[in-house]
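Structure data follow from final.cif (mmCIF, C-alpha atoms and all ligand atoms):
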data_target
#
loop_
_atom_site.label_atom_id
_atom_site.label_comp_id
_atom_site.auth_asym_id
_atom_site.auth_seq_id
_atom_site.Cartn_x
_atom_site.Cartn_y
_atom_site.Cartn_z
CA MET K 1 0.00 0.00 0.00
CA LYS K 2 1.44 3.36 -1.04
CA ALA K 3 1.60 5.80 1.84
CA VAL K 4 2.95 9.22 2.78
CA ILE K 5 4.08 10.28 6.24
CA VAL K 6 3.28 13.65 7.76
CA MET K 7 4.98 15.02 10.86
CA LEU K 8 5.51 18.21 12.79
CA LYS K 9 9.10 19.39 13.01
CA GLU K 10 9.58 19.16 16.76
CA GLY K 11 12.13 17.64 19.15
CA GLU K 12 14.00 14.40 18.32
CA PHE K 13 13.02 15.03 14.72
CA GLU K 14 15.49 12.78 12.89
CA GLU K 15 15.01 9.86 15.27
CA ARG K 16 11.23 10.14 15.18
CA LYS K 17 11.36 10.32 11.41
CA ALA K 18 13.48 7.18 11.13
CA GLU K 19 11.31 5.38 13.64
CA ILE K 20 7.98 6.16 12.00
CA LYS K 21 9.42 4.94 8.69
CA ARG K 22 10.46 1.68 10.30
CA LEU K 23 7.05 1.33 11.88
CA ALA K 24 5.37 1.99 8.53
CA ASN K 25 7.56 -0.61 6.82
CA THR K 26 6.92 -3.13 9.58
CA GLY K 27 3.21 -2.42 9.09
CA GLY K 28 3.62 -3.35 5.42
CA TYR K 29 3.29 0.13 3.91
CA GLU K 30 5.47 1.60 1.21
CA VAL K 31 6.45 5.14 2.16
CA ILE K 32 6.66 7.35 -0.95
CA LYS K 33 7.33 10.70 0.72
CA THR K 34 7.53 12.39 4.10
CA PHE K 35 5.94 15.82 4.56
CA THR K 36 7.06 17.97 7.45
CA GLN K 37 5.58 21.11 8.86
CA ASN K 38 7.19 23.51 11.30
CA ALA K 39 5.41 23.08 14.58
CA GLY K 40 2.82 25.70 15.14
CA PRO K 41 -0.57 25.12 13.60
CA ARG K 42 -2.90 22.84 15.52
CA GLY K 43 -6.66 22.76 15.44
CA LYS K 44 -8.72 21.40 12.62
CA TYR K 45 -6.02 19.58 10.64
CA LEU K 46 -3.03 19.67 13.01
CA ILE K 47 -1.10 21.03 10.02
CA GLY K 48 -1.72 24.28 8.14
CA ARG K 49 -4.18 24.74 5.29
CA GLY K 50 -1.40 25.20 2.71
CA LYS K 51 0.20 21.92 3.74
CA VAL K 52 -3.16 20.15 3.49
CA ASP K 53 -3.49 21.29 -0.13
CA GLU K 54 0.09 20.34 -0.96
CA ILE K 55 -0.43 16.80 0.38
CA LYS K 56 -3.82 16.54 -1.34
CA ASN K 57 -2.24 17.30 -4.71
CA PHE K 58 0.52 14.82 -4.10
CA ILE K 59 -2.00 12.11 -3.17
CA ASN K 60 -3.96 12.67 -6.37
CA GLU K 61 -0.91 12.77 -8.62
CA ASN K 62 0.75 9.70 -7.13
CA ASN K 63 -2.16 7.41 -6.30
CA ILE K 64 -1.36 7.46 -2.59
CA GLU K 65 -3.68 5.18 -0.65
CA LEU K 66 -2.92 6.10 2.94
CA VAL K 67 -1.68 9.03 5.03
CA ILE K 68 0.26 8.29 8.22
CA PHE K 69 0.74 11.02 10.84
CA GLU K 70 3.67 10.70 13.21
CA ASN K 71 1.87 12.95 15.66
CA TYR K 72 -1.25 11.87 17.47
CA LEU K 73 -4.54 13.09 16.03
CA THR K 74 -7.93 13.64 17.58
CA SER K 75 -10.89 11.85 16.01
CA ARG K 76 -12.14 15.16 14.68
CA GLN K 77 -8.79 15.80 12.99
CA VAL K 78 -8.82 12.32 11.43
CA LEU K 79 -12.29 12.91 10.03
CA SER K 80 -11.46 16.39 8.70
CA LEU K 81 -8.24 15.15 7.10
CA GLU K 82 -9.96 12.13 5.53
CA GLU K 83 -12.55 14.44 4.05
CA GLU K 84 -9.84 16.54 2.46
CA PHE K 85 -7.56 13.73 1.31
CA GLY K 86 -10.19 11.20 0.23
CA VAL K 87 -8.02 8.36 1.59
CA PRO K 88 -7.74 6.84 5.09
CA VAL K 89 -5.67 8.72 7.65
CA MET K 90 -3.97 7.05 10.59
CA ASP K 91 -1.66 8.26 13.32
CA LYS K 92 1.17 6.57 15.17
CA PHE K 93 -1.26 5.00 17.60
CA ASP K 94 -3.26 3.31 14.81
CA LEU K 95 -0.05 2.25 13.11
CA ILE K 96 1.32 0.59 16.26
CA LEU K 97 -2.01 -1.15 16.74
CA ASN K 98 -1.90 -2.46 13.17
CA ILE K 99 1.56 -3.88 13.77
CA PHE K 100 0.41 -5.41 17.03
CA GLU K 101 -2.49 -6.96 15.17
CA LYS K 102 -0.14 -8.42 12.58
CA HIS K 103 2.02 -9.96 15.30
CA ALA K 104 -0.66 -10.99 17.76
CA ALA K 105 -0.80 -14.76 18.02
CA SER K 106 -2.51 -15.29 21.36
CA LYS K 107 -6.13 -14.70 22.24
CA GLU K 108 -5.14 -12.32 25.06
CA ALA K 109 -2.99 -10.19 22.78
CA LYS K 110 -5.84 -10.02 20.26
CA LEU K 111 -8.33 -8.97 22.93
CA GLN K 112 -5.95 -6.37 24.32
CA ILE K 113 -5.55 -4.88 20.87
CA GLU K 114 -9.27 -4.90 20.13
CA LEU K 115 -9.90 -3.13 23.42
CA ALA K 116 -7.35 -0.43 22.70
CA ARG K 117 -8.78 0.04 19.22
CA LEU K 118 -12.39 0.22 20.37
CA LYS K 119 -11.65 2.71 23.10
CA ARG K 120 -9.64 4.78 20.73
CA LYS K 121 -12.20 4.67 17.94
CA LEU K 122 -15.26 5.41 20.02
CA PRO K 123 -15.33 9.19 19.49
CA TYR K 124 -14.44 8.72 15.80
CA ILE K 125 -17.27 6.22 15.30
CA LYS K 126 -19.66 8.46 17.17
CA MET K 127 -18.83 11.40 14.93
CA SER K 128 -18.75 9.51 11.64
CA VAL K 129 -21.91 7.47 12.29
CA GLY K 130 -23.67 10.65 13.38
CA ARG K 131 -22.55 12.44 10.26
CA ARG K 132 -23.56 9.57 7.97
CA VAL K 133 -26.98 9.18 9.55
CA ARG K 134 -27.63 12.89 9.11
CA GLU K 135 -26.50 12.75 5.47
CA ASP K 136 -28.40 9.57 4.57
CA HIS K 137 -31.56 10.42 6.44
CA PRO K 138 -32.02 14.17 6.47
CA GLY K 139 -34.91 15.02 8.70
CA PHE K 140 -34.66 11.61 10.32
CA GLY K 141 -34.47 13.33 13.67
CA SER K 142 -34.80 11.11 16.69
CA SER K 143 -34.59 7.87 14.66
CA GLY K 144 -31.16 8.96 13.47
CA GLU K 145 -30.18 9.55 17.06
CA TYR K 146 -31.41 6.05 17.82
CA ILE K 147 -29.09 4.51 15.22
CA VAL K 148 -26.13 6.37 16.71
CA HIS K 149 -27.04 5.34 20.23
CA SER K 150 -27.62 1.70 19.45
CA THR K 151 -24.30 1.51 17.60
CA LEU K 152 -22.55 3.02 20.60
CA ARG K 153 -24.41 0.77 23.02
CA SER K 154 -23.27 -2.35 21.23
CA LEU K 155 -19.70 -1.06 21.21
CA HIS K 156 -19.83 -0.43 24.95
CA ARG K 157 -21.20 -3.93 25.47
CA ARG K 158 -18.28 -5.37 23.52
CA ILE K 159 -15.81 -3.30 25.52
CA LYS K 160 -17.29 -4.57 28.76
CA LYS K 161 -17.13 -8.16 27.55
CA ILE K 162 -13.47 -7.88 26.57
CA GLU K 163 -12.61 -6.22 29.88
CA ASP K 164 -14.27 -9.08 31.75
CA GLU K 165 -12.35 -11.65 29.76
CA LEU K 166 -9.09 -9.82 30.25
CA GLU K 167 -9.73 -9.68 33.97
CA LYS K 168 -9.97 -13.47 34.05
CA PHE K 169 -6.74 -13.63 32.12
CA ASP K 170 -5.22 -11.16 34.60
CA ALA K 171 -6.19 -13.39 37.48
CA ARG K 172 -4.79 -16.46 35.78
CA LEU K 173 -1.51 -14.71 35.13
CA GLU K 174 -1.37 -13.55 38.71
CA SER K 175 -1.84 -17.00 40.16
CA GLN K 176 0.75 -18.39 37.74
CA GLY K 177 3.12 -15.68 38.93
CA LYS K 178 2.42 -16.51 42.57
CA ARG K 179 3.11 -20.18 42.00
CA ARG K 180 6.39 -19.29 40.34
CA LYS K 181 7.30 -16.99 43.22
CA LYS K 182 6.96 -19.90 45.60
CA LYS K 183 9.33 -21.94 43.51
CA GLY K 184 11.99 -19.29 43.01
CA LYS K 185 12.93 -15.78 41.88
CA THR K 186 11.70 -14.00 38.79
CA VAL K 187 13.66 -11.79 36.41
CA SER K 188 12.02 -9.50 33.84
CA LEU K 189 13.63 -8.58 30.56
CA VAL K 190 12.68 -5.05 29.60
CA GLY K 191 13.87 -2.63 26.96
CA TYR K 192 13.08 -0.71 23.84
CA THR K 193 11.53 -2.71 21.03
CA ASN K 194 14.08 -4.60 18.87
CA VAL K 195 17.01 -4.38 21.31
CA GLY K 196 17.33 -8.16 21.48
CA LYS K 197 15.31 -9.19 24.54
CA THR K 198 13.93 -12.38 23.01
CA THR K 199 17.31 -13.34 21.55
CA LEU K 200 18.70 -13.01 25.07
CA LEU K 201 15.87 -15.04 26.61
CA ASN K 202 16.53 -17.79 24.08
CA ARG K 203 20.24 -17.75 24.85
CA LEU K 204 19.87 -17.75 28.62
CA THR K 205 17.22 -20.43 28.86
CA GLY K 206 17.59 -22.53 25.73
CA VAL K 207 14.05 -21.87 24.47
CA ASP K 208 13.42 -20.92 20.87
CA LYS K 209 11.08 -17.93 20.73
CA LYS K 210 10.65 -15.82 17.66
CA ALA K 211 13.22 -13.02 17.39
CA GLU K 212 13.19 -10.81 14.31
CA ASP K 213 14.56 -7.57 12.99
CA GLU K 214 11.11 -6.02 13.22
CA LEU K 215 9.47 -3.80 15.81
CA PHE K 216 7.14 -5.47 18.32
CA THR K 217 7.82 -9.09 17.44
CA THR K 218 6.98 -10.03 21.02
CA LEU K 219 3.55 -9.12 22.38
CA LYS K 220 2.77 -11.89 24.77
CA SER K 221 5.08 -12.40 27.71
CA LYS K 222 6.96 -15.67 27.92
CA THR K 223 8.65 -17.20 30.92
CA ALA K 224 11.42 -19.77 30.83
CA SER K 225 13.77 -21.01 33.51
CA LEU K 226 17.42 -20.08 33.83
CA ASN K 227 17.87 -22.80 36.42
CA SER K 228 15.52 -24.57 38.81
CA LYS K 229 15.28 -21.45 41.01
CA ILE K 230 15.29 -18.56 38.57
CA PHE K 231 12.62 -17.71 35.98
CA ILE K 232 13.06 -15.16 33.24
CA THR K 233 10.19 -13.36 31.54
CA ASP K 234 10.41 -11.63 28.17
CA THR K 235 7.72 -9.15 27.31
CA ILE K 236 6.48 -6.42 24.99
CA GLY K 237 9.05 -3.78 24.05
CA PHE K 238 8.83 -0.09 24.89
CA ILE K 239 8.71 2.79 22.41
CA ARG K 240 8.80 6.57 22.73
CA ASN K 241 5.51 8.45 23.17
CA ILE K 242 3.50 5.33 23.75
CA PRO K 243 -0.10 6.37 24.32
CA HIS K 244 -1.32 5.61 27.81
CA GLU K 245 -4.36 3.77 26.46
CA LEU K 246 -1.99 1.28 24.93
CA ILE K 247 -0.13 0.79 28.18
CA TYR K 248 -3.51 0.36 29.83
CA ALA K 249 -4.58 -2.28 27.33
CA PHE K 250 -1.39 -4.23 27.92
CA ARG K 251 -1.49 -3.79 31.68
CA ALA K 252 -1.74 -7.52 32.38
CA THR K 253 1.38 -8.16 30.35
CA LEU K 254 3.17 -5.23 31.92
CA LYS K 255 2.07 -6.14 35.42
CA GLU K 256 4.41 -9.09 35.30
CA ILE K 257 7.32 -6.66 35.22
CA LYS K 258 6.08 -5.07 38.41
CA THR K 259 6.24 -8.29 40.37
CA ALA K 260 9.77 -9.24 39.28
CA ASP K 261 12.62 -9.58 41.78
CA LEU K 262 15.10 -8.22 39.27
CA ILE K 263 14.96 -6.32 36.00
CA LEU K 264 17.39 -6.75 33.15
CA LEU K 265 17.19 -3.46 31.26
CA VAL K 266 18.49 -4.33 27.81
CA LEU K 267 20.07 -1.57 25.72
CA ASP K 268 21.39 -1.52 22.16
CA ALA K 269 25.09 -0.63 22.18
CA SER K 270 25.03 -0.01 18.44
CA ASP K 271 22.67 2.99 18.71
CA SER K 272 24.06 6.51 18.33
CA GLU K 273 24.86 8.17 21.63
CA SER K 274 21.83 10.46 21.55
CA GLU K 275 19.47 7.66 20.57
CA PHE K 276 20.97 5.46 23.28
CA ARG K 277 20.32 8.12 25.90
CA ARG K 278 16.76 8.69 24.70
CA LYS K 279 15.83 5.02 24.67
CA LEU K 280 17.30 4.60 28.14
CA LYS K 281 15.12 7.50 29.27
CA VAL K 282 12.00 6.01 27.62
CA CYS K 283 12.64 2.73 29.44
CA GLU K 284 13.21 4.40 32.79
CA ASP K 285 10.10 6.57 32.37
CA THR K 286 7.99 3.57 31.38
CA LEU K 287 9.18 1.64 34.43
CA ILE K 288 8.07 4.56 36.59
CA LYS K 289 4.73 4.72 34.78
CA ILE K 290 3.96 1.08 35.43
CA GLY K 291 5.18 1.30 39.03
CA ALA K 292 8.23 -0.92 38.61
CA ASP K 293 10.90 1.66 39.45
CA SER K 294 11.85 0.31 42.86
CA ILE K 295 12.98 -3.09 41.56
CA PRO K 296 16.76 -3.65 41.30
CA VAL K 297 18.07 -3.26 37.74
CA ILE K 298 21.03 -4.69 35.86
CA HIS K 299 21.84 -2.69 32.72
CA VAL K 300 22.66 -5.03 29.87
CA LEU K 301 24.56 -3.57 26.94
CA ASN K 302 23.64 -5.82 24.00
CA LYS K 303 24.88 -5.98 20.39
CA ILE K 304 28.50 -5.20 21.34
CA ASP K 305 29.49 -7.15 18.22
CA ILE K 306 28.32 -4.23 16.09
CA SER K 307 29.01 -1.30 18.44
CA ASP K 308 31.82 1.23 18.51
CA GLY K 309 32.31 0.67 22.24
CA GLU K 310 31.57 4.28 23.20
CA LYS K 311 28.36 3.79 25.13
CA GLU K 312 30.02 2.33 28.23
CA GLY K 313 30.81 5.80 29.53
CA LEU K 314 27.09 6.55 29.76
CA LEU K 315 26.39 3.90 32.39
CA ASN K 316 27.96 3.36 35.80
CA ASP K 317 27.36 -0.30 35.95
CA TYR K 318 26.52 -2.68 33.17
CA VAL K 319 27.17 -6.08 31.67
CA LYS K 320 28.32 -6.15 28.06
CA ILE K 321 26.98 -8.93 25.87
CA SER K 322 26.17 -10.07 22.40
CA ALA K 323 23.02 -12.14 22.69
CA LYS K 324 23.25 -13.08 19.04
CA TYR K 325 26.77 -14.50 19.27
CA GLY K 326 26.65 -15.67 22.88
CA VAL K 327 29.31 -13.30 24.21
CA GLY K 328 29.37 -12.31 27.90
CA LEU K 329 26.50 -14.56 28.92
CA ASP K 330 28.35 -16.42 31.66
CA ARG K 331 29.22 -13.12 33.33
CA LEU K 332 25.59 -12.02 33.02
CA LYS K 333 24.33 -15.25 34.60
CA GLU K 334 26.77 -14.77 37.48
CA ARG K 335 25.54 -11.21 38.01
CA ILE K 336 21.89 -12.35 38.00
CA ILE K 337 22.61 -15.03 40.59
CA GLU K 338 24.63 -12.57 42.74
CA GLU K 339 21.84 -9.97 42.63
CA LEU K 340 19.20 -12.48 43.64
CA ALA K 341 21.23 -14.12 46.39
N1 LIG K 401 24.25 -7.84 15.83
C1 LIG K 401 23.45 -8.26 16.81
N2 LIG K 401 22.13 -8.40 16.57
C2 LIG K 401 21.35 -8.82 17.59
C3 LIG K 401 21.87 -9.13 18.87
N3 LIG K 401 20.86 -9.51 19.66
C4 LIG K 401 19.73 -9.44 18.89
N4 LIG K 401 20.03 -9.04 17.64
C5 LIG K 401 19.10 -8.86 16.51
O1 LIG K 401 18.20 -7.81 16.81
C6 LIG K 401 16.92 -8.07 16.23
C7 LIG K 401 15.84 -7.98 17.30
O2 LIG K 401 16.01 -9.04 18.20
P1 LIG K 401 14.81 -9.53 19.16
O3 LIG K 401 15.41 -10.52 20.10
O4 LIG K 401 13.63 -9.93 18.36
O5 LIG K 401 14.50 -8.17 19.91
P2 LIG K 401 13.33 -7.87 20.95
O6 LIG K 401 13.89 -6.89 21.93
O7 LIG K 401 12.77 -9.13 21.49
O8 LIG K 401 12.30 -7.12 19.99
P3 LIG K 401 10.66 -7.00 20.02
O9 LIG K 401 10.11 -8.25 20.61
O10 LIG K 401 10.33 -6.84 18.58
O11 LIG K 401 10.37 -5.77 20.81
C8 LIG K 401 17.03 -9.46 15.59
O12 LIG K 401 17.26 -9.30 14.21
C9 LIG K 401 18.22 -10.07 16.31
O13 LIG K 401 18.89 -11.05 15.51
C10 LIG K 401 23.29 -8.98 19.07
O14 LIG K 401 23.85 -9.23 20.13
N5 LIG K 401 24.01 -8.54 18.00
MG MG K 402 10.94 -9.89 21.45
#
When written as structure tokens, how does the structure in this file appear?
Amino acid sequence: MKAVIVMLKEGEFEERKAEIKRLANTGGYEVIKTFTQNAGPRGKYLIGRGKVDEIKNFINENNIELVIFENYLTSRQVLSLEEEFGVPVMDKFDLILNIFEKHAASKEAKLQIELARLKRKLPYIKMSVGRRVREDHPGFGSSGEYIVHSTLRSLHRRIKKIEDELEKFDARLESQGKRRKKKGKTVSLVGYTNVGKTTLLNRLTGVDKKAEDELFTTLKSKTASLNSKIFITDTIGFIRNIPHELIYAFRATLKEIKTADLILLVLDASDSESEFRRKLKVCEDTLIKIGADSIPVIHVLNKIDISDGEKEGLLNDYVKISAKYGVGLDRLKERIIEELA
């Protein structure tokens, strides 16, 4: 699908630009062009009127089928932009959800995604159904209102049903966690998406979970044992500016991090220094957000096989490894056992 990206020229511009492109590619879209606009205009279209026209022309001349905004949009903005462009408009939130959907294998992951999508789309559906009913049935009055309300009612019912199911799943996960706690200690692998968490889990425990050079390969957490007393859990990766609704939808998965005895915060040593710092900050902020900031942390510097070795100065204490080539893993295991002793 041919797409264009639109973004406001704000902080972390180059990194955000590279990241949204990667996300778009992971989502299966072909990015033809990126439009940027100096930050400033907000309101109806997020971007200025002139930019809207420029993009509109480009869409028509190049058969673009989709517009992706790097910035988050309100439902009203999505509707206004779709009206102008005549093609679907999505923002980073929708894009991440699409990727999640593509990668979701388990029932829980699917339900979590559906919940996030429904909650997100509610105001959009309300506005667009309302608009359509008024257009299709002018003078329909209260019957039109009825259609809108019954649509919304059935959506709310579905939301409630998913929340109930997820609660059961929550409880199951919790009792599994408790059983594990009785048997030994738990370690959580956390880090930015694509840093190599699953590759490390595979290496440390001998399991064979899917690890790929794509964002958000892992959605469902997986636990495997390091030895008879230590369990390691791999989970969903972090990303900058993750909407809180998405964190909320994945709360069951993220809750596992909160109950860990130790966190391995995995970092990518091959990132540029500024990107390294930012991702570290995103991880630390996310840990605070989910209430896991008082758990002891070991910083794990991964991908040293392709790094320039300059990131070490940025951390006081760390273990250097290459999960892919099995370098430094014995030292890491020793550190884990020491920390948990
Ligand atoms: N060069 C190099 N590549 C690595 C290393 N560890 C992991 N990778 C690669 O990095 C990519 C991502 O690895 P994953 O293990 O899937 O990363 P993840 O953190 O689980 O990613 P998500 O689940 O998608 O958030 C894969 O292509 C791995 O082969 C390493 O030590 N060196
Ligand atoms: Mg993974």
Report task. Rank nothing, just name the residue among K:Asn227, K:Val87, K:Thr259, K:Asp53 nearest to Lys178 of chain K, using all atoms listed in the file. Result ->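 Closest to Lys178 of chain K of all the choices is K:Thr259.
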Query raised in the report: Hey, what's within 7 Å of segment 321-328 of chain K if we count all atoms listed in the file and toss same-chain stuff fewer than 3 positions away? As a list of chain:residue names, please?
Result: K:Thr199, K:Leu200, K:Arg203, K:Leu301, K:Asn302, K:Lys303, K:Ile304, K:Asp305, K:Arg331, K:Leu332
Print the selection's residues with C-alpha atoms to a file, as a tab-separated table (two decimals), in the coordinates of the input.
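Final file, again37.tsv:
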chain	number	residue	atom	x	y	z
K	199	THR	CA	17.31	-13.34	21.55
K	200	LEU	CA	18.70	-13.01	25.07
K	203	ARG	CA	20.24	-17.75	24.85
K	301	LEU	CA	24.56	-3.57	26.94
K	302	ASN	CA	23.64	-5.82	24.00
K	303	LYS	CA	24.88	-5.98	20.39
K	304	ILE	CA	28.50	-5.20	21.34
K	305	ASP	CA	29.49	-7.15	18.22
K	331	ARG	CA	29.22	-13.12	33.33
K	332	LEU	CA	25.59	-12.02	33.02
Requested in this report: Please provide the set of residues having any atom within 9 Å of segment 156-165 of chain K, restricted to all atoms listed in the file, with same-chain residues fewer than 2 positions apart removed, written as an NGL selection string.
Outcome: :K and (108 or 111-112 or 114-115 or 118-119 or 122 or 151-154 or 167-170)
Which polymer residues have any atom within 8 Å of an atom of Ile5 of chain K, counting all atoms listed in the file, with same-chain residues fewer than 2 positions away left out, as a PDB file with C-alpha atoms, in the frame of the given file?
ATOM      1  CA  ALA K   3       1.600   5.800   1.840  1.00  0.00           C
ATOM      2  CA  MET K   7       4.980  15.020  10.860  1.00  0.00           C
ATOM      3  CA  LYS K  21       9.420   4.940   8.690  1.00  0.00           C
ATOM      4  CA  VAL K  31       6.450   5.140   2.160  1.00  0.00           C
ATOM      5  CA  LYS K  33       7.330  10.700   0.720  1.00  0.00           C
ATOM      6  CA  THR K  34       7.530  12.390   4.100  1.00  0.00           C
ATOM      7  CA  PHE K  35       5.940  15.820   4.560  1.00  0.00           C
ATOM      8  CA  VAL K  67      -1.680   9.030   5.030  1.00  0.00           C
ATOM      9  CA  ILE K  68       0.260   8.290   8.220  1.00  0.00           C
ATOM     10  CA  PHE K  69       0.740  11.020  10.840  1.00  0.00           C
ATOM     11  CA  GLU K  70       3.670  10.700  13.210  1.00  0.00           C
TER      12      GLU K  70
END
**Report entry** For atom CA of Glu256 of chain K and atom C1 of ligand LIG 401 (chain K), the interatomic separation in Å (one decimal)
**Finding:**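 It comes out at 26.6 Å.
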Requested in this report: Could you report the residues within 6 Å of ligand LIG 401 (chain K), using only C-alpha atoms and all ligand atoms, as a ChimeraX atom specification?
Outcome: /K:193-199,211-218,236-237,302-303,305-306,322-324
Query raised in the report: Restricting the calculation to only C-alpha atoms and all ligand atoms, which member of K:Leu219, K:Ala341, K:Ala24, K:Ala260 is positioned closest to ligand MG 402 (chain K)?
Result: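 Closest to ligand MG 402 (chain K), using only C-alpha atoms and all ligand atoms: K:Leu219.
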Segment 213-232 of chain K: axis-aligned bounding box, 5 Å on each side, centre and edge lengths in Å, one decimal, as AutoDock Vina command-line options:
--center_x 10.3 --center_y -14.2 --center_z 27.0 --size_x 25.1 --size_y 30.8 --size_z 38.0
Requested in this report: Kindly extract all protein, DNA and RNA residues lying within 9 Å of the coordinates (15.6, -22.2, 44.2) given in the file, considering all atoms listed in the file, and supply them as a PyMOL selection string.
Outcome: chain K and resi 183-185+227-230
Based on the selection just made, write C-alpha atoms of those residues as an mmCIF file, in the coordinates of the input.
data_model
loop_
_atom_site.group_PDB
_atom_site.id
_atom_site.type_symbol
_atom_site.label_atom_id
_atom_site.label_comp_id
_atom_site.auth_asym_id
_atom_site.auth_seq_id
_atom_site.Cartn_x
_atom_site.Cartn_y
_atom_site.Cartn_z
ATOM 1 C CA LYS K 183 9.330 -21.940 43.510
ATOM 2 C CA GLY K 184 11.990 -19.290 43.010
ATOM 3 C CA LYS K 185 12.930 -15.780 41.880
ATOM 4 C CA ASN K 227 17.870 -22.800 36.420
ATOM 5 C CA SER K 228 15.520 -24.570 38.810
ATOM 6 C CA LYS K 229 15.280 -21.450 41.010
ATOM 7 C CA ILE K 230 15.290 -18.560 38.570
#
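Pairwise distance (atom CA of Ile47 of chain K, atom CA of Arg16 of chain K) equals 17.2 Å.
As for atom CA of Leu226 of chain K and atom CA of Leu265 of chain K, they are spaced 16.8 Å apart.
Using only C-alpha atoms and all ligand atoms for every distance, the candidate list K:Val266, K:Leu97, K:Ile64, K:Val89 yields K:Val266 as the residue closest to ligand MG 402 (chain K).
The smallest atom-to-atom distance between Leu204 of chain K and any of K:Lys333, K:Lys56, K:Lys92, K:Lys9, using all atoms listed in the file, is found for K:Lys333.
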Repaired coordinates for segment 252-264 of chain K (N, CA and C atoms) as an mmCIF file, in the coordinates of the input:
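To be explicit, this is the file written out as selection-v9.cif:
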data_model
loop_
_atom_site.group_PDB
_atom_site.id
_atom_site.type_symbol
_atom_site.label_atom_id
_atom_site.label_comp_id
_atom_site.auth_asym_id
_atom_site.auth_seq_id
_atom_site.Cartn_x
_atom_site.Cartn_y
_atom_site.Cartn_z
ATOM 1 N N ALA K 252 -1.951 -6.190 31.813
ATOM 2 C CA ALA K 252 -1.740 -7.520 32.380
ATOM 3 C C ALA K 252 -0.326 -7.991 32.052
ATOM 4 N N THR K 253 0.050 -7.786 30.803
ATOM 5 C CA THR K 253 1.380 -8.160 30.350
ATOM 6 C C THR K 253 2.450 -7.372 31.110
ATOM 7 N N LEU K 254 2.182 -6.081 31.270
ATOM 8 C CA LEU K 254 3.170 -5.230 31.920
ATOM 9 C C LEU K 254 3.242 -5.440 33.432
ATOM 10 N N LYS K 255 2.114 -5.909 33.978
ATOM 11 C CA LYS K 255 2.070 -6.140 35.420
ATOM 12 C C LYS K 255 3.121 -7.154 35.857
ATOM 13 N N GLU K 256 3.410 -8.078 34.968
ATOM 14 C CA GLU K 256 4.410 -9.090 35.300
ATOM 15 C C GLU K 256 5.752 -8.461 35.630
ATOM 16 N N ILE K 257 6.051 -7.352 34.960
ATOM 17 C CA ILE K 257 7.320 -6.660 35.220
ATOM 18 C C ILE K 257 7.343 -6.166 36.665
ATOM 19 N N LYS K 258 6.192 -5.663 37.087
ATOM 20 C CA LYS K 258 6.080 -5.070 38.410
ATOM 21 C C LYS K 258 6.352 -6.044 39.549
ATOM 22 N N THR K 259 6.092 -7.313 39.289
ATOM 23 C CA THR K 259 6.240 -8.290 40.370
ATOM 24 C C THR K 259 7.603 -8.992 40.331
ATOM 25 N N ALA K 260 8.472 -8.560 39.412
ATOM 26 C CA ALA K 260 9.770 -9.240 39.280
ATOM 27 C C ALA K 260 10.684 -8.922 40.470
ATOM 28 N N ASP K 261 11.629 -9.814 40.732
ATOM 29 C CA ASP K 261 12.620 -9.580 41.780
ATOM 30 C C ASP K 261 13.805 -8.789 41.225
ATOM 31 N N LEU K 262 13.958 -8.868 39.908
ATOM 32 C CA LEU K 262 15.100 -8.220 39.270
ATOM 33 C C LEU K 262 14.716 -7.859 37.833
ATOM 34 N N ILE K 263 15.208 -6.714 37.381
ATOM 35 C CA ILE K 263 14.960 -6.320 36.000
ATOM 36 C C ILE K 263 16.271 -6.297 35.221
ATOM 37 N N LEU K 264 16.255 -6.908 34.054
ATOM 38 C CA LEU K 264 17.390 -6.750 33.150
ATOM 39 C C LEU K 264 16.967 -5.709 32.134
#
